[in-house]
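Below you'll find the structure, written out as structure tokens, and then a few comments.
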Amino acid sequence: MPARARSFLRRETSDVNELAGFIAEICTDGLVCSTGNPFIFRAPILDLGLTIVNIHGGPLPGYRGLPVVAATFAILRGEREYGVTLHRVDAGIDTGPVVDRRTFPLPDSVTLEELLVQVTNSCHQLFTDNLADLGCEPLAPAGADGEGEYFGKARLAELAGFRDHPAFERATDLGVLADFHPDYAAAFEAARSGAPVG
């Protein structure tokens, strides 16, 4: 917790859904902002009737799930463009209606580290650009659970099959972010050595 945030009202939890009563009590404007949130909102929070918006580190609906995993596969697939999305939260995973999005080009030389920094900066900009009206009506309808792809940690098991891919080194290069993502760094190292990932 950064020193500047220590005076904020906060609750630590291993399951955000256990905080439904607390959220209902403190959320006087009916709006919940989810940024950098590793949890999936479920009942009873979804049953509170709040507008919940999430900043997702990937373009929806194509790249649902964990931003690091999604970005890895975007590089391996040679995507020419990537992006971030502000969306409403529903009962699915990254399937709620899109409120706003930003896209940016992906150069052939991009590393995972560079892409994740761009994603972080773009998420921040998208959030601040929409801060005055986060509860506005969505631009696009909700995606369905079957729309796009879901990139969870289980997808990392596929990486060993990409060891000979020309973009493999770039797609698994966390650079200075390796210390912040030790689980991913270990998975990428296992994939490089041909060991099972997972």
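The chains in the structure tokens are called A, B, ... from first to last as shown; in each chain the residues are counted from 1, and the ligands are counted from 1 in the order shown.
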*Any idea what's packed within 6 Å of Arg64 (chain A), counting only C-alpha atoms, ignoring anything in its chain fewer than 3 positions away? Could you give it as a ChimeraX atom specification?*
/A:94,149-150
Pull the alpha helix (DSSP H) assignments for region 80-145 of chain A out of DSSP run on the backbone, and list those residues as a PDB file with C-alpha atoms, in the first residue's frame.
```
ATOM      1  CA  LEU A 112       5.513  -8.139 -23.713  1.00  0.00           C
ATOM      2  CA  GLU A 113       7.077  -5.601 -21.342  1.00  0.00           C
ATOM      3  CA  GLU A 114       6.455  -2.756 -23.815  1.00  0.00           C
ATOM      4  CA  LEU A 115       2.909  -3.881 -24.522  1.00  0.00           C
ATOM      5  CA  LEU A 116       2.040  -4.152 -20.828  1.00  0.00           C
ATOM      6  CA  VAL A 117       3.389  -0.651 -20.182  1.00  0.00           C
ATOM      7  CA  GLN A 118       1.290   0.643 -23.104  1.00  0.00           C
ATOM      8  CA  VAL A 119      -1.768  -1.202 -21.744  1.00  0.00           C
ATOM      9  CA  THR A 120      -1.251   0.302 -18.276  1.00  0.00           C
ATOM     10  CA  ASN A 121      -0.857   3.818 -19.658  1.00  0.00           C
ATOM     11  CA  SER A 122      -3.868   3.408 -21.945  1.00  0.00           C
ATOM     12  CA  CYS A 123      -6.021   2.039 -19.099  1.00  0.00           C
ATOM     13  CA  HIS A 124      -5.109   5.064 -16.985  1.00  0.00           C
ATOM     14  CA  GLN A 125      -5.931   7.467 -19.823  1.00  0.00           C
ATOM     15  CA  LEU A 126      -9.216   5.698 -20.617  1.00  0.00           C
ATOM     16  CA  PHE A 127     -10.262   5.849 -16.968  1.00  0.00           C
ATOM     17  CA  THR A 128      -9.384   9.519 -16.493  1.00  0.00           C
ATOM     18  CA  ASP A 129     -10.998  10.494 -19.817  1.00  0.00           C
ATOM     19  CA  ASN A 130     -14.270   8.935 -18.630  1.00  0.00           C
TER      20      ASN A 130
END
```
*CA of Arg88 (chain A) to CA of Arg101 (chain A): how many Å, to one decimal?*
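Interatomic distance, CA of Arg88 (chain A) to CA of Arg101 (chain A): 12.1 Å.
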_Point-to-point distance from CA of Arg77 (chain A) to CA of Leu139 (chain A), Å rounded to tenths_ = 27.3 Å
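Near Leu66 (chain A), within 12 Å and counting only C-alpha atoms, sit Gly36, Asn37, Pro38, Phe39, Ile40, Ile55, His56, Gly57, Gly58, Pro59, Leu60, Tyr63, Val69, Ala70, Ala71, Thr72, Phe73, Ile93, Asp94, Leu116, Glu149, Tyr150, Phe151, Gly152, Lys153, Ala154, Arg155, Leu156 and Tyr184 of chain A; same-chain residues fewer than 3 positions away were not included.
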*asked:* With distances taken over only C-alpha atoms, which residue among A:His165, A:Arg11, A:Arg6, A:His181 lies nearest Gly78 (chain A)?
replied: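 Ranked by minimum distance to Gly78 (chain A), first place goes to A:His165.
Residue nearest Thr85 (chain A), chosen from A:Asp133, A:Asp100, A:Glu25, A:Asp108 and counting only C-alpha atoms: A:Asp100.
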*Enumerate as a PyMOL selection string all residues of region 31-78 of chain A assigned to strand (DSSP E) by DSSP on the backbone, naming them with the chain letters and numbers the document uses.*
chain A and resi 31-34+51-56+63-65
Residue selection dump (N, CA, C and O atoms) as a PDB file, in the first residue's frame:
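Okay, again_18.pdb is ready:
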```
ATOM      1  N   LEU A  31     -22.261   3.798  -7.923  1.00  0.00           N
ATOM      2  CA  LEU A  31     -21.245   3.497  -8.934  1.00  0.00           C
ATOM      3  C   LEU A  31     -20.019   2.879  -8.285  1.00  0.00           C
ATOM      4  O   LEU A  31     -19.471   3.429  -7.330  1.00  0.00           O
ATOM      5  N   VAL A  32     -19.574   1.742  -8.807  1.00  0.00           N
ATOM      6  CA  VAL A  32     -18.359   1.066  -8.348  1.00  0.00           C
ATOM      7  C   VAL A  32     -17.384   1.029  -9.514  1.00  0.00           C
ATOM      8  O   VAL A  32     -17.745   0.614 -10.621  1.00  0.00           O
ATOM      9  N   CYS A  33     -16.138   1.469  -9.276  1.00  0.00           N
ATOM     10  CA  CYS A  33     -15.088   1.444 -10.296  1.00  0.00           C
ATOM     11  C   CYS A  33     -14.113   0.326  -9.964  1.00  0.00           C
ATOM     12  O   CYS A  33     -13.568   0.283  -8.867  1.00  0.00           O
ATOM     13  N   SER A  34     -13.887  -0.542 -10.910  1.00  0.00           N
ATOM     14  CA  SER A  34     -12.979  -1.663 -10.736  1.00  0.00           C
ATOM     15  C   SER A  34     -11.752  -1.428 -11.609  1.00  0.00           C
ATOM     16  O   SER A  34     -11.845  -1.440 -12.831  1.00  0.00           O
ATOM     17  N   THR A  51     -24.152   0.223 -10.494  1.00  0.00           N
ATOM     18  CA  THR A  51     -23.472   0.259 -11.787  1.00  0.00           C
ATOM     19  C   THR A  51     -21.999   0.004 -11.502  1.00  0.00           C
ATOM     20  O   THR A  51     -21.356   0.782 -10.791  1.00  0.00           O
ATOM     21  N   ILE A  52     -21.484  -1.091 -12.028  1.00  0.00           N
ATOM     22  CA  ILE A  52     -20.083  -1.451 -11.823  1.00  0.00           C
ATOM     23  C   ILE A  52     -19.373  -1.355 -13.160  1.00  0.00           C
ATOM     24  O   ILE A  52     -19.803  -1.980 -14.149  1.00  0.00           O
ATOM     25  N   VAL A  53     -18.314  -0.556 -13.209  1.00  0.00           N
ATOM     26  CA  VAL A  53     -17.527  -0.440 -14.434  1.00  0.00           C
ATOM     27  C   VAL A  53     -16.122  -0.961 -14.166  1.00  0.00           C
ATOM     28  O   VAL A  53     -15.596  -0.850 -13.065  1.00  0.00           O
ATOM     29  N   ASN A  54     -15.547  -1.549 -15.189  1.00  0.00           N
ATOM     30  CA  ASN A  54     -14.217  -2.145 -15.088  1.00  0.00           C
ATOM     31  C   ASN A  54     -13.343  -1.634 -16.227  1.00  0.00           C
ATOM     32  O   ASN A  54     -13.805  -1.505 -17.364  1.00  0.00           O
ATOM     33  N   ILE A  55     -12.093  -1.364 -15.908  1.00  0.00           N
ATOM     34  CA  ILE A  55     -11.093  -1.057 -16.933  1.00  0.00           C
ATOM     35  C   ILE A  55     -10.376  -2.365 -17.232  1.00  0.00           C
ATOM     36  O   ILE A  55      -9.732  -2.943 -16.361  1.00  0.00           O
ATOM     37  N   HIS A  56     -10.518  -2.836 -18.477  1.00  0.00           N
ATOM     38  CA  HIS A  56      -9.922  -4.117 -18.870  1.00  0.00           C
ATOM     39  C   HIS A  56      -8.702  -3.868 -19.744  1.00  0.00           C
ATOM     40  O   HIS A  56      -8.769  -3.140 -20.737  1.00  0.00           O
ATOM     41  N   TYR A  63     -10.254 -10.290 -26.485  1.00  0.00           N
ATOM     42  CA  TYR A  63      -9.243 -10.726 -25.530  1.00  0.00           C
ATOM     43  C   TYR A  63      -9.749 -10.561 -24.101  1.00  0.00           C
ATOM     44  O   TYR A  63      -9.325  -9.681 -23.369  1.00  0.00           O
ATOM     45  N   ARG A  64     -10.680 -11.434 -23.711  1.00  0.00           N
ATOM     46  CA  ARG A  64     -11.199 -11.451 -22.346  1.00  0.00           C
ATOM     47  C   ARG A  64     -10.202 -12.165 -21.437  1.00  0.00           C
ATOM     48  O   ARG A  64      -9.380 -12.941 -21.897  1.00  0.00           O
ATOM     49  N   GLY A  65     -10.273 -11.904 -20.127  1.00  0.00           N
ATOM     50  CA  GLY A  65      -9.438 -12.632 -19.180  1.00  0.00           C
ATOM     51  C   GLY A  65      -8.290 -11.822 -18.619  1.00  0.00           C
ATOM     52  O   GLY A  65      -8.384 -10.607 -18.461  1.00  0.00           O
TER      53      GLY A  65
END
```
*Nearest to Cys27 (chain A): which of A:Val110, A:Leu48, A:Ala5, A:Ala43 is it, counting only C-alpha atoms?*
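That would be A:Leu48, the residue with the smallest distance to Cys27 (chain A).
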